[in-house]
Structures are given as C-alpha cells and as structure tokens.
file model16.txt (compact mmCIF, C-alpha atoms)
# COMPACT_ATOMS: atom_id res chain seq x y z
CA MET P 1 6.70 -51.33 39.75
CA ALA P 2 6.00 -54.94 38.91
CA SER P 3 2.61 -54.73 40.57
CA LEU P 4 1.85 -51.56 38.65
CA ALA P 5 2.93 -53.14 35.39
CA ILE P 6 0.89 -56.25 36.08
CA GLY P 7 -2.13 -54.16 37.01
CA LEU P 8 -1.80 -52.00 33.93
CA GLY P 9 -1.09 -54.97 31.69
CA THR P 10 -3.98 -57.08 32.85
CA SER P 11 -6.28 -54.09 32.75
CA ILE P 12 -5.29 -53.31 29.17
CA ILE P 13 -5.48 -56.95 28.06
CA GLY P 14 -8.82 -57.40 29.80
CA GLY P 15 -10.11 -54.24 28.20
CA VAL P 16 -8.95 -55.35 24.77
CA ILE P 17 -10.54 -58.78 25.19
CA SER P 18 -13.74 -57.27 26.46
CA SER P 19 -13.83 -54.76 23.64
CA ARG P 20 -13.18 -57.44 21.06
CA GLY P 21 -15.90 -59.54 22.62
CA GLN P 22 -18.35 -56.72 22.30
CA LYS P 23 -17.26 -56.13 18.75
CA SER P 24 -17.68 -59.82 17.91
CA ALA P 25 -21.09 -59.83 19.55
CA ALA P 26 -22.14 -56.79 17.58
CA GLN P 27 -20.84 -58.31 14.36
CA ALA P 28 -22.70 -61.55 15.04
CA GLN P 29 -25.89 -59.67 15.74
CA GLN P 30 -25.47 -57.60 12.62
CA ALA P 31 -24.72 -60.70 10.56
CA GLY P 32 -27.85 -62.33 11.96
CA GLN P 33 -29.92 -59.32 11.02
CA GLN P 34 -28.50 -59.21 7.51
CA GLU P 35 -29.00 -62.91 7.06
CA GLY P 36 -32.57 -62.63 8.30
CA ILE P 37 -33.35 -59.79 5.94
CA ALA P 38 -31.77 -61.66 3.04
CA GLU P 39 -33.74 -64.79 3.92
CA GLN P 40 -37.00 -62.90 4.05
CA ALA P 41 -36.21 -61.09 0.81
CA ARG P 42 -35.43 -64.42 -0.86
CA ILE P 43 -38.74 -65.88 0.28
CA GLU P 44 -40.63 -62.79 -0.81
CA GLN P 45 -38.94 -63.02 -4.21
CA ALA P 46 -40.05 -66.66 -4.40
CA ASN P 47 -43.54 -65.55 -3.41
CA ARG P 48 -43.62 -63.02 -6.22
CA GLU P 49 -42.44 -65.56 -8.79
CA PHE P 50 -45.04 -68.03 -7.52
CA GLN P 51 -47.86 -65.48 -7.62
CA GLN P 52 -46.86 -64.37 -11.10
CA ARG P 53 -47.11 -67.93 -12.38
CA GLN P 54 -50.42 -68.61 -10.65
CA PHE P 55 -52.10 -65.49 -11.99
CA ASP P 56 -50.51 -65.88 -15.42
CA LYS P 57 -52.21 -69.27 -15.60
CA GLN P 58 -55.53 -67.72 -14.67
CA ILE P 59 -55.13 -65.03 -17.29
CA GLU P 60 -54.13 -67.56 -19.92
CA ARG P 61 -57.24 -69.62 -19.23
CA GLN P 62 -59.43 -66.58 -19.89
CA GLN P 63 -57.77 -65.78 -23.20
CA PRO P 64 -60.01 -67.91 -25.51
CA PHE P 65 -63.09 -66.11 -24.21
CA VAL P 66 -61.42 -62.74 -24.60
CA ASP P 67 -60.37 -63.58 -28.18
CA VAL P 68 -63.88 -64.55 -29.24
CA GLY P 69 -65.28 -61.43 -27.62
CA GLU P 70 -62.83 -59.25 -29.52
CA MET P 71 -63.76 -60.92 -32.82
CA ALA P 72 -67.44 -60.38 -32.13
CA LEU P 73 -66.81 -56.80 -31.12
CA ALA P 74 -65.08 -56.19 -34.43
CA GLN P 75 -68.19 -57.34 -36.35
CA LEU P 76 -70.95 -56.07 -34.12
CA PRO P 77 -70.98 -52.41 -35.26
CA ALA P 78 -71.51 -53.40 -38.91
CA ALA P 79 -74.23 -55.85 -37.92
CA ILE P 80 -76.00 -53.25 -35.80
CA SER P 81 -75.82 -50.80 -38.70
CA ASN P 82 -77.42 -53.45 -40.94
CA ARG P 83 -74.35 -53.58 -43.15
CA GLY P 84 -73.78 -57.28 -42.59
CA ASP P 85 -74.64 -60.04 -45.06
CA ALA P 86 -76.47 -62.86 -43.31
CA SER P 87 -76.92 -64.98 -46.42
CA GLN P 88 -73.56 -66.69 -46.03
CA LEU P 89 -73.94 -67.47 -42.36
CA PRO P 90 -74.16 -71.17 -41.49
CA ALA P 91 -77.53 -70.76 -39.76
CA THR P 92 -78.99 -69.15 -42.89
CA GLN P 93 -77.62 -71.80 -45.19
CA ILE P 94 -78.76 -74.65 -42.97
CA GLN P 95 -82.29 -73.31 -42.89
CA ALA P 96 -82.24 -72.53 -46.61
CA GLY P 97 -81.30 -76.14 -47.23
CA LEU P 98 -84.14 -77.39 -45.07
CA ILE P 99 -86.61 -75.13 -46.84
CA SER P 100 -85.45 -76.14 -50.32
CA ASP P 101 -85.45 -79.82 -49.47
CA PHE P 102 -88.91 -79.61 -48.04
CA LEU P 103 -90.52 -77.57 -50.78
CA GLY P 104 -88.81 -79.53 -53.56
CA PRO P 105 -88.12 -78.52 -57.16
CA ASN P 106 -91.78 -78.19 -58.05
CA ALA P 107 -92.41 -75.25 -55.78
CA PRO P 108 -92.98 -71.92 -57.55
CA GLY P 109 -89.83 -69.80 -57.71
CA PHE P 110 -91.38 -66.85 -55.92
CA VAL P 111 -92.25 -69.06 -52.95
CA GLN P 112 -88.59 -70.13 -52.59
CA GLU P 113 -87.36 -66.59 -53.08
CA ASN P 114 -89.82 -65.18 -50.60
CA ALA P 115 -88.89 -67.78 -48.00
CA LEU P 116 -85.14 -67.13 -48.45
CA GLU P 117 -85.53 -63.36 -48.28
CA ASN P 118 -87.49 -63.68 -45.07
CA LEU P 119 -84.83 -66.02 -43.77
CA ASN P 120 -82.00 -63.58 -44.52
CA ALA P 121 -83.85 -60.78 -42.78
CA ILE P 122 -84.55 -62.88 -39.71
CA GLU P 123 -80.98 -64.22 -39.51
CA ALA P 124 -79.51 -60.72 -39.86
CA GLU P 125 -81.39 -59.75 -36.71
CA ARG P 126 -80.56 -62.97 -34.92
CA ASN P 127 -76.88 -62.52 -35.64
CA LYS P 128 -76.84 -59.19 -33.84
CA GLY P 129 -77.93 -61.09 -30.75
CA ARG P 130 -75.28 -63.79 -31.30
CA LEU P 131 -72.50 -61.25 -31.70
CA SER P 132 -73.74 -59.33 -28.70
CA ASP P 133 -73.74 -62.50 -26.59
CA LEU P 134 -70.16 -63.26 -27.63
CA VAL P 135 -69.09 -59.70 -26.84
CA ASN P 136 -70.49 -60.21 -23.34
CA ILE P 137 -68.64 -63.49 -23.02
CA GLY P 138 -65.42 -61.68 -23.97
CA LEU P 139 -66.19 -58.90 -21.55
CA GLY P 140 -66.59 -61.47 -18.78
CA GLY P 141 -63.16 -62.84 -19.68
CA VAL P 142 -61.72 -59.34 -19.68
CA GLY P 143 -63.26 -58.74 -16.26
CA SER P 144 -61.76 -61.93 -14.88
CA THR P 145 -58.39 -61.06 -16.41
CA ALA P 146 -58.57 -57.61 -14.88
CA GLY P 147 -59.41 -59.16 -11.51
CA SER P 148 -56.47 -61.51 -11.76
CA ARG P 149 -54.14 -58.68 -12.72
CA LEU P 150 -55.44 -56.58 -9.86
CA ASN P 151 -54.87 -59.42 -7.40
CA LEU P 152 -51.41 -60.02 -8.82
CA GLY P 153 -50.53 -56.36 -8.64
CA THR P 154 -51.72 -56.12 -5.05
CA THR P 155 -49.80 -59.21 -4.01
CA LEU P 156 -46.62 -58.14 -5.76
CA GLY P 157 -46.90 -54.68 -4.27
CA GLN P 158 -47.37 -56.02 -0.77
CA SER P 159 -44.48 -58.41 -1.18
CA LEU P 160 -42.16 -55.69 -2.45
CA ALA P 161 -43.26 -53.42 0.35
CA THR P 162 -42.56 -56.14 2.91
CA SER P 163 -39.06 -56.71 1.54
CA GLY P 164 -38.34 -52.99 1.38
CA LEU P 165 -39.67 -52.40 4.86
CA ARG P 166 -37.60 -55.22 6.33
CA GLU P 167 -34.50 -54.02 4.54
CA GLY P 168 -35.07 -50.48 5.74
CA LEU P 169 -35.74 -51.55 9.33
CA GLY P 170 -32.72 -53.81 9.26
CA THR P 171 -30.46 -51.00 8.07
CA GLN P 172 -31.83 -48.73 10.74
CA GLN P 173 -31.34 -51.37 13.44
CA SER P 174 -27.78 -51.99 12.25
CA LEU P 175 -26.96 -48.31 12.36
CA GLN P 176 -28.48 -47.96 15.81
CA GLN P 177 -26.68 -51.04 17.05
CA ALA P 178 -23.37 -49.79 15.67
CA ALA P 179 -23.88 -46.47 17.43
CA VAL P 180 -24.68 -48.21 20.71
CA ASN P 181 -21.62 -50.43 20.36
CA ARG P 182 -19.38 -47.43 19.68
CA GLN P 183 -20.78 -45.68 22.72
CA ASN P 184 -20.21 -48.77 24.86
CA ARG P 185 -16.59 -49.01 23.77
CA GLN P 186 -16.03 -45.31 24.38
CA ASN P 187 -17.54 -45.65 27.84
CA GLN P 188 -15.31 -48.58 28.52
CA ILE P 189 -12.19 -46.68 27.47
CA ILE P 190 -13.20 -43.68 29.58
CA GLY P 191 -13.87 -46.00 32.52
CA GLY P 192 -10.48 -47.64 32.06
CA LEU P 193 -8.66 -44.31 31.85
CA SER P 194 -10.44 -42.97 34.92
CA GLY P 195 -9.38 -46.05 36.83
CA LEU P 196 -5.69 -45.58 36.00
CA PRO P 197 -4.84 -42.97 38.72
CA SER P 198 -6.21 -45.13 41.50
CA LEU P 199 -4.32 -48.07 40.03
CA ILE P 200 -1.11 -46.05 40.05
CA PHE P 201 -1.68 -44.80 43.58
CA GLU P 202 -2.57 -48.28 44.67
CA GLY P 203 0.74 -49.52 43.23
CA LEU P 204 3.08 -46.79 44.49
CA PRO P 205 3.18 -47.64 48.23
CA ARG P 206 4.07 -51.18 47.49
CA GLN P 207 6.87 -50.10 45.18
CA GLN P 208 8.35 -47.46 47.52
CA ALA P 209 8.22 -49.74 50.57
CA SER P 210 8.95 -46.76 52.81
CA PRO P 211 7.51 -46.92 56.32
CA LEU P 212 6.69 -43.22 56.02
CA ILE P 213 4.79 -43.56 52.78
CA THR P 214 1.24 -44.63 53.27
CA ARG P 215 -1.99 -44.19 51.41
CA GLN P 216 -2.79 -41.34 53.72
CA ASN P 217 0.72 -39.88 53.27
CA PRO P 218 1.80 -40.80 49.77
CA LEU P 219 4.77 -38.37 49.68
CA GLY P 220 6.29 -39.81 52.87
CA LEU P 221 6.22 -36.55 54.76
CA THR P 222 6.95 -36.65 58.44
CA PRO P 223 3.97 -35.47 60.40
CA GLY P 224 4.60 -31.97 61.77
CA ALA P 225 7.98 -31.61 60.03
CA GLY P 226 6.79 -29.60 57.12
CA LEU P 227 8.44 -29.57 53.72
CA MET N 1 -58.02 -81.93 -22.45
CA PRO N 2 -55.34 -79.84 -20.84
CA GLY N 3 -52.41 -81.86 -19.62
CA PRO N 4 -51.34 -82.01 -15.98
CA ALA N 5 -48.69 -79.39 -16.66
CA GLU N 6 -51.40 -76.81 -17.18
CA PHE N 7 -52.74 -77.45 -13.73
CA GLY N 8 -49.65 -76.17 -11.99
CA GLU N 9 -46.65 -77.66 -10.36
CA PHE N 10 -48.54 -80.39 -8.61
CA THR N 11 -51.08 -82.75 -9.98
CA LYS N 12 -53.12 -85.47 -8.41
CA SER N 13 -50.73 -88.04 -9.77
CA THR N 14 -47.50 -86.41 -8.64
CA PHE N 15 -48.48 -84.90 -5.34
CA GLN N 16 -47.61 -86.85 -2.24
CA PRO N 17 -48.08 -85.44 1.27
CA GLY N 18 -44.74 -84.47 2.68
CA SER N 19 -43.11 -84.35 -0.71
CA LYS N 20 -40.95 -81.44 -1.70
CA SER N 21 -42.51 -78.99 -4.11
CA GLU N 22 -41.07 -78.83 -7.59
CA PHE N 23 -41.09 -75.12 -7.01
CA ASP N 24 -37.94 -74.78 -4.96
CA PHE N 25 -37.68 -71.27 -3.65
CA ARG N 26 -34.28 -71.96 -2.17
CA ASN N 27 -32.94 -70.87 -5.52
CA ALA N 28 -35.39 -68.06 -6.00
CA ASN N 29 -33.09 -65.10 -5.91
CA PRO N 30 -29.49 -65.71 -6.89
CA ASN N 31 -28.74 -61.98 -6.92
CA PHE N 32 -28.89 -61.58 -3.20
CA GLN N 33 -25.55 -61.18 -1.52
CA GLN N 34 -24.47 -64.05 0.62
CA PRO N 35 -25.01 -63.49 4.33
CA LEU N 36 -21.94 -62.92 6.43
CA GLN N 37 -20.18 -66.04 7.58
CA GLN N 38 -20.62 -66.64 11.23
CA GLN N 39 -19.76 -69.24 13.74
CA PRO N 40 -22.23 -72.12 13.55
CA VAL N 41 -24.47 -72.27 16.56
CA ALA N 42 -27.31 -74.49 17.62
CA PRO N 43 -30.33 -73.66 15.44
CA ILE N 44 -33.24 -72.09 17.22
CA VAL N 45 -35.72 -73.60 14.78
CA GLN N 46 -36.31 -77.29 15.11
CA GLY N 47 -33.87 -78.24 12.42
CA PRO N 48 -32.25 -76.93 9.28
CA GLY N 49 -34.88 -76.36 6.64
CA THR N 50 -37.75 -77.27 8.93
CA LEU N 51 -39.62 -74.05 8.32
CA GLU N 52 -39.10 -74.18 4.58
CA GLN N 53 -40.13 -77.80 4.35
CA SER N 54 -43.28 -77.11 6.35
CA ALA N 55 -44.15 -74.27 4.01
CA LEU N 56 -43.44 -76.43 0.97
CA ASP N 57 -45.66 -79.16 2.36
CA ALA N 58 -48.47 -76.72 3.06
CA ILE N 59 -48.28 -75.20 -0.42
CA ALA N 60 -48.01 -78.63 -2.03
CA GLN N 61 -51.06 -79.77 -0.11
CA GLN N 62 -53.11 -76.82 -1.33
CA GLU N 63 -51.75 -77.11 -4.85
CA GLY N 64 -52.90 -80.72 -4.84
CA GLN N 65 -56.38 -79.61 -3.83
CA LEU N 66 -56.42 -76.99 -6.57
CA ALA N 67 -55.41 -79.65 -9.09
CA GLU N 68 -58.33 -81.76 -7.85
CA ILE N 69 -60.72 -78.88 -8.40
CA GLU N 70 -59.29 -78.26 -11.85
CA GLY N 71 -59.65 -81.95 -12.60
CA ILE N 72 -63.30 -82.26 -11.61
CA THR N 73 -64.30 -79.06 -13.38
CA ALA N 74 -62.25 -79.76 -16.52
CA PRO N 75 -64.98 -81.66 -18.43
CA PHE N 76 -67.42 -78.79 -17.95
CA ARG N 77 -64.86 -76.22 -18.97
CA GLN N 78 -63.85 -78.23 -22.01
CA ALA N 79 -67.44 -78.73 -23.11
CA GLY N 80 -67.91 -75.00 -23.01
CA LEU N 81 -64.57 -74.09 -24.48
CA ASP N 82 -63.98 -76.87 -27.00
CA ILE N 83 -67.55 -77.56 -28.16
CA ALA N 84 -69.96 -74.71 -27.43
CA LEU N 85 -67.68 -71.74 -28.04
CA PRO N 86 -66.55 -72.90 -31.53
CA GLN N 87 -70.14 -73.68 -32.49
CA LEU N 88 -71.42 -70.31 -31.33
CA SER N 89 -68.49 -68.63 -33.05
CA ALA N 90 -69.29 -70.48 -36.27
CA LEU N 91 -72.94 -69.43 -36.09
CA ALA N 92 -71.91 -65.80 -35.63
CA PHE N 93 -68.83 -65.55 -37.86
CA GLY N 94 -69.18 -68.48 -40.25
CA GLY N 95 -67.59 -71.93 -40.20
CA ASP N 96 -68.60 -75.51 -39.61
CA VAL N 97 -71.73 -75.96 -37.54
CA ASP N 98 -72.45 -79.44 -36.28
CA PHE N 99 -76.21 -79.28 -36.67
CA GLN N 100 -78.75 -81.96 -37.47
CA PRO N 101 -82.49 -81.19 -37.59
CA SER N 102 -84.14 -82.43 -34.43
CA GLN N 103 -86.78 -85.13 -34.25
CA LEU N 104 -89.18 -82.50 -33.00
CA PHE N 105 -88.56 -80.48 -36.16
CA ASN N 106 -89.23 -83.51 -38.33
CA ARG N 107 -92.36 -84.47 -36.40
CA GLN N 108 -93.78 -80.94 -36.41
CA LEU N 109 -92.93 -80.53 -40.06
CA GLU N 110 -94.68 -83.74 -40.95
CA SER N 111 -97.80 -83.04 -38.93
CA GLY N 112 -97.89 -79.44 -40.18
CA ARG N 113 -97.56 -80.54 -43.77
CA THR N 114 -100.38 -83.05 -43.34
CA GLY N 115 -102.62 -80.45 -41.81
CA ILE N 116 -101.95 -77.93 -44.58
CA LEU N 117 -102.49 -80.48 -47.32
CA ARG N 118 -105.73 -81.70 -45.75
CA GLY N 119 -106.97 -78.17 -45.38
CA GLN N 120 -106.05 -77.28 -48.94
CA ALA N 121 -107.68 -80.49 -50.18
CA ALA N 122 -110.88 -79.63 -48.39
CA ARG N 123 -110.81 -76.32 -50.19
CA GLY N 124 -109.95 -78.06 -53.46
CA GLY N 125 -106.61 -76.25 -53.93
CA VAL N 126 -103.86 -78.68 -53.03
CA LYS N 127 -101.78 -77.82 -56.07
CA SER N 128 -102.23 -74.09 -55.77
CA SER N 129 -99.38 -71.66 -55.02
CA GLY N 130 -101.11 -70.96 -51.73
CA THR N 131 -100.30 -74.47 -50.61
CA PHE N 132 -96.59 -73.91 -51.30
CA GLU N 133 -96.71 -70.57 -49.56
CA ARG N 134 -98.17 -72.16 -46.45
CA LEU N 135 -95.66 -74.99 -46.58
CA GLY N 136 -92.86 -72.44 -47.02
CA ASP N 137 -94.02 -70.54 -43.94
CA LEU N 138 -94.27 -73.80 -42.03
CA VAL N 139 -90.75 -75.01 -42.78
CA SER N 140 -89.23 -71.56 -42.32
CA GLY N 141 -90.78 -71.16 -38.90
CA LEU N 142 -89.91 -74.65 -37.72
CA ALA N 143 -86.31 -74.43 -39.05
CA GLY N 144 -85.83 -71.12 -37.26
CA GLU N 145 -87.11 -72.64 -34.01
CA ASP N 146 -84.83 -75.65 -34.43
CA ILE N 147 -81.75 -73.51 -35.04
CA GLY N 148 -82.78 -71.40 -32.07
CA ARG N 149 -82.94 -74.48 -29.82
CA PHE N 150 -79.52 -75.54 -31.07
CA GLN N 151 -78.10 -72.12 -30.30
CA ARG N 152 -79.64 -72.01 -26.82
CA GLY N 153 -78.26 -75.46 -26.08
CA GLN N 154 -74.78 -74.35 -27.05
CA SER N 155 -75.14 -71.19 -24.98
CA SER N 156 -76.16 -73.23 -21.98
CA LEU N 157 -73.16 -75.48 -22.47
CA LEU N 158 -70.90 -72.46 -22.70
CA GLN N 159 -72.36 -71.05 -19.50
CA SER N 160 -71.54 -74.32 -17.74
CA GLY N 161 -67.96 -74.02 -18.96
CA LEU N 162 -67.77 -70.43 -17.80
CA ARG N 163 -69.14 -71.35 -14.41
CA ALA N 164 -66.57 -74.14 -14.11
CA GLU N 165 -63.83 -71.71 -15.14
CA ASP N 166 -65.06 -69.25 -12.55
CA LEU N 167 -64.89 -71.90 -9.83
CA VAL N 168 -61.31 -72.70 -10.78
CA ARG N 169 -60.42 -69.02 -10.86
CA GLN N 170 -61.89 -68.45 -7.39
CA ALA N 171 -60.09 -71.49 -6.04
CA GLY N 172 -56.86 -70.36 -7.69
CA THR N 173 -57.18 -66.89 -6.23
CA GLY N 174 -57.81 -68.31 -2.77
CA PHE N 175 -54.88 -70.64 -3.16
CA ALA N 176 -52.58 -67.85 -4.32
CA GLN N 177 -53.59 -65.69 -1.36
CA SER N 178 -53.12 -68.56 1.05
CA ALA N 179 -49.73 -69.37 -0.46
CA GLY N 180 -48.84 -65.70 -0.17
CA ASN N 181 -49.62 -65.84 3.54
CA ILE N 182 -47.52 -68.96 3.92
CA PHE N 183 -44.63 -67.31 2.11
CA GLY N 184 -45.03 -64.21 4.23
CA ASN N 185 -45.01 -66.16 7.47
CA LEU N 186 -42.09 -68.23 6.28
CA GLY N 187 -40.05 -65.16 5.38
CA GLN N 188 -40.85 -63.59 8.74
CA GLY N 189 -40.01 -66.80 10.56
CA LEU N 190 -36.69 -67.24 8.79
CA ASN N 191 -35.85 -63.62 9.44
CA VAL N 192 -36.54 -63.97 13.17
CA ALA N 193 -34.68 -67.28 13.32
CA ALA N 194 -31.59 -65.78 11.66
CA GLN N 195 -31.69 -62.82 14.03
CA GLN N 196 -32.01 -65.14 17.00
CA ARG N 197 -29.03 -67.13 15.78
CA GLY N 198 -27.05 -63.90 15.46
CA ASN N 199 -28.10 -62.77 18.93
CA LEU N 200 -27.19 -66.12 20.40
CA ALA N 201 -23.81 -66.09 18.69
CA GLY N 202 -23.28 -62.55 19.96
CA GLN N 203 -24.19 -63.51 23.50
CA GLN N 204 -21.82 -66.45 23.34
CA ALA N 205 -18.98 -64.26 22.06
CA LEU N 206 -19.67 -61.66 24.72
CA SER N 207 -19.90 -64.21 27.47
CA LYS N 208 -16.67 -65.84 26.34
CA SER N 209 -14.80 -62.54 26.31
CA GLN N 210 -16.18 -61.54 29.69
CA THR N 211 -15.10 -64.86 31.18
CA LEU N 212 -11.64 -64.47 29.69
CA ALA N 213 -11.32 -60.85 30.79
CA GLY N 214 -12.48 -61.82 34.27
CA GLY N 215 -9.91 -64.59 34.39
CA ILE N 216 -7.11 -62.26 33.36
CA SER N 217 -8.22 -59.69 35.88
CA GLY N 218 -8.20 -62.34 38.59
CA LEU N 219 -4.76 -63.50 37.45
CA GLY N 220 -3.52 -59.91 37.59
CA SER N 221 -4.84 -59.48 41.10
CA LEU N 222 -3.17 -62.68 42.15
CA LEU N 223 0.15 -61.66 40.64
CA SER N 224 -0.12 -58.21 42.22
CA GLU N 225 -0.57 -59.84 45.58
CA LEU N 226 2.52 -61.95 45.01
CA PHE N 227 4.72 -59.04 43.93

call {"tool": "encode", "arguments": {"input": "model16.txt", "output": "structure tokens"}}
result
Amino acid sequence: MASLAIGLGTSIIGGVISSRGQKSAAQAQQAGQQEGIAEQARIEQANREFQQRQFDKQIERQQPFVDVGEMALAQLPAAISNRGDASQLPATQIQAGLISDFLGPNAPGFVQENALENLNAIEAERNKGRLSDLVNIGLGGVGSTAGSRLNLGTTLGQSLATSGLREGLGTQQSLQQAAVNRQNRQNQIIGGLSGLPSLIFEGLPRQQASPLITRQNPLGLTPGAGL
Amino acid sequence: MPGPAEFGEFTKSTFQPGSKSEFDFRNANPNFQQPLQQQPVAPIVQGPGTLEQSALDAIAQQEGQLAEIEGITAPFRQAGLDIALPQLSALAFGGDVDFQPSQLFNRQLESGRTGILRGQAARGGVKSSGTFERLGDLVSGLAGEDIGRFQRGQSSLLQSGLRAEDLVRQAGTGFAQSAGNIFGNLGQGLNVAAQQRGNLAGQQALSKSQTLAGGISGLGSLLSELF
C-alpha cells in the first residue's frame, strides 16, 4: 500500500507541478505579448503626437500666404467687375505725386487732370493683376497645407492601423495560446488518469506478497484448481 | 526672424549627437494599462532602453539636419514673408509702400524732358499746353514703368521666399516620414523584444517545473523500490 500511495502521491504532485509550470509559462508568454503590444502602441502614440506637431508646424508656416490670398480673393471680384477705386491705392498716389512734382504748379489744370485720370484707369487694371497674383500665392499656400494635411492623415491612419492590427493579432494569439494550454492540461490529466490502473496493478503484487499472486495471476488462483 | 523654438525640438545650438531628444516618448501614452508584472529575465535586446535611445538619437540627428536647412533658408523666407509680401499687399490693398523713384526714372525723366523742351523750342512753342501734355505723358509713362519694376522686384523676392519655404516643407515631410519609419521599427522591435522576454520566462518556468516534476518522480520511484 505504501508503494501505491507513494506512486499515486508523486504522480499527483508531479502532475500538479508540471501543470503549474505550464500555466506559468503560458502566463509569462501572454504577459510578454501584452507588454509587447502595449509597448508598440505607446510608440505609435508617440509617433502620432510627433507627426501632428511636425505637420502642424508646416501648416502654420503656410498661414501668412493663405491669409493674404484670402484677402485678395475677397477684393478680386469687385476689381474684375470694375467696381474698385484705384485712386486711393499707394501706387496711384505715388505716381500722382511724381507727376505733380514734375509738372509743377504752372501746368494747365486739364493736363494734370488728364494725367491723373489716365493713371487711375491704368492702376485699376494693374491692381487686378496684383490681386490675382496674391490669390495665386494664397492658393499655393492652400495647396501646401492640403498636402501637409494629407500626409498627416495618411501617417496617422497608418499608425492607428498598425496599433489596431497588433492589438487584434495579440488578442487572437492570446486566445489561441490559452486554448492550446487548456488542451495540453486536459491531455495531461487524461494521460495521468489512464496511467492509474497500471500503477495500481503494479503496486498490488508488492502489497499482497503472496507467492501465488503474480502479474500474470493477479488474483492468486492456483493453476488448474478453478474458482 | 523666427526663434529656435519654431524650428522644432532640436536646433543647431542644442543638438548634440547621442543626446536624448526633448521629445520623450516614454511618457507618450499614460492611458495604457501597465503590462503584467513578470519575473525579471535577462534582456534580449542589448540593454534596457537601447532601442529607444537609438531611435531618439536617429530622430535627433535628422531633426538637427532639418534645423540646419531651416536655418540656411530662413533669410530667403523672411525676405519674402517679411518684406515682399507686406509690400505687395500694400500695393494691392493699401498701406505703406517703401518706394523711392529709381535713378533710371530720374535719368530718363531728365533726358526726356530735355528732348521735349528742345523739340518744342525748335518749333517755337515751349510754353504751349502741348509742351505740358508731352511732359505729362513722359512722367506718367516713366512713373508707371518705375512702379512696375518695383512690383516685379518684390514679386521676385516673394518667389525666393516661397521657394525657400517649399524646400523646408519638402525636407520636413521627408523627415516626418523617416521619423515615422523609425518609430514604426522601434515599436515593432520593442514588441518583439517583449514577446521574446515573455517566451524566455515561459521556457524557464516550464523547464523549472519539468525538472522538479522529474525529480519528484525519481524520488517516488526510489521510495517505491525501498517499500
């Protein structure tokens, strides 16, 4: 009986230790996976913050050009429709000053008036070109801003996708690993239980100590005697 | 001039090879749950933080280069942004225009005036209104040309600034993409390293339990033999 008890005891203890070892191994693997996923997610988050700042800077640097373009765009339709007043524009006034200074006070009034009217007409047309140029400058800034936003969006999207993919794969791996571990433990228990009969039979002859009881004759029957 | 802070986290003056970036992504995402505690094992990577430090160094190196590019293009950008753009805006919208008549204007005006006066004198009509009309046409035309040259000069300056800005934007985009790759590789590397640590810890736990279970089994066999 002692041998049987020892056999059973050591088998059970060994099984428990082995099972716990497998469980610990599985937990360590799972912890490693979770840590890895968290690490990668943390770095991807840092990447997104970094990219956001980089592209925000780019966008900010374009803003002065965009602002001027928007101002010009607001005035261009009126200028194109010849509803603008060019007389107060700096270019007109500078030229008017040059003309007046050059002609002097002795010039006939109609000469001055004629020169200034021509000047206003010319500057009204020139200012359409100036406004149009500034609109194009603004449009270039808008294009660059759009490019930066597109790049940022692509990068952020890829980063989020990477994090999500890793998290999803990690969860799937964990679930699969857990299933495999459960199966291993079940197999181990089944293996242990199936080994019990042989353990018992192996122990019985030693316990009975009868010369008639052998492995071949476990009930101790006398050959030819019958029951 | 924009200060160093506008050029990003690293500037020429602060960047040192091997230095740690001011952008510390170790604290990037405080919302992530802490990884499971596990038994410390020998790191598979070359040392704690080695991967992160390498990534930081690589990003810092590139950020330093970007700051250099921003530095050498800054005068061109500023000339376009701080000088040409306000002047062109003032010409189009109104405001202070920093214009002085050119020497060419003065020379052409003087020679034109002389020619007109000589011609009118030859015809005997220097003091006629026709003389003033011709002089008016002369100064109007020359003033318009001079303002036009001023405007084209400012436009050229602005184009230089825009080109400089474009160079910085391209460099910044390349840098952001490169940094994104570094972050991506870092995240992947840390993920793999954590998984390897988990696997190693699992193998150690499994090996330990198998050794112990084997020892107990051997002890059981020995005791069974004795009893």

call {"tool": "interface_residues", "arguments": {"input": "model16.txt", "of": "chain N", "to": "chain P", "cutoff": "6 Å", "atoms": "only C-alpha atoms", "output": "PyMOL selection string"}}
result
chain N and resi 25+28-29+35-36+91-92+94+133+139+143+183+187+191+194-195+198-199+201-202+205-206+209-210+213+217+220+224+227

call {"tool": "residues_near_point", "arguments": {"input": "model16.txt", "point": "(-95.9, -80.3, -44.1)", "cutoff": "6 Å", "atoms": "all atoms listed in the file", "output": "JSON, numbers by chain"}}
result
{"N": [109, 110, 112, 113, 114, 135]}

call {"tool": "atom_distance", "arguments": {"input": "model16.txt", "atom1": "CA of Gln100 in chain N", "atom2": "CA of Glu117 in chain P"}}
result
22.6 Å

call {"tool": "residues_around", "arguments": {"input": "model16.txt", "residues": "Glu70 in chain N", "least_positions_apart": "4", "cutoff": "9 Å", "atoms": "all atoms listed in the file", "output": "ChimeraX atom specification"}}
result
/N:7,65-66,74,164-165,167-168,171

call {"tool": "atom_distance", "arguments": {"input": "model16.txt", "atom1": "CA of Ser207 in chain N", "atom2": "CA of Arg182 in chain P"}}
result
18.5 Å

call {"tool": "atom_distance", "arguments": {"input": "model16.txt", "atom1": "CA of Leu186 in chain N", "atom2": "CA of Ala161 in chain P"}}
result
16.0 Å

call {"tool": "closest_residue", "arguments": {"input": "model16.txt", "among": "P:Leu175, P:Val135, P:Ile80, P:Leu193", "to": "Ser89 in chain N", "atoms": "all atoms listed in the file"}}
result
P:Val135

call {"tool": "axis_aligned_box", "arguments": {"input": "model16.txt", "around": "range 181-188 of chain N", "padding_each_side": "4 Å", "output": "AutoDock Vina command-line options"}}
result
--center_x -44.8 --center_y -66.3 --center_z 5.4 --size_x 17.6 --size_y 13.4 --size_z 14.6

call {"tool": "closest_residue", "arguments": {"input": "model16.txt", "among": "N:Lys127, N:Gly119, N:Ile182, N:Phe93", "to": "Asp85 in chain P", "atoms": "all atoms listed in the file"}}
result
N:Phe93

call {"tool": "residues_around", "arguments": {"input": "model16.txt", "residues": "Asn106 in chain N", "least_positions_apart": "5", "cutoff": "9 Å", "atoms": "only C-alpha atoms", "output": "list in words"}}
result
Pro101, Ser111 and Leu142 of chain N

call {"tool": "residues_around", "arguments": {"input": "model16.txt", "residues": "Gly161 in chain N", "least_positions_apart": "3", "cutoff": "8 Å", "atoms": "only C-alpha atoms", "output": "list in words"}}
result
Phe76, Arg77, Gln78, Ala79, Gly80, Leu81, Leu157, Leu158, Ala164 and Glu165 of chain N
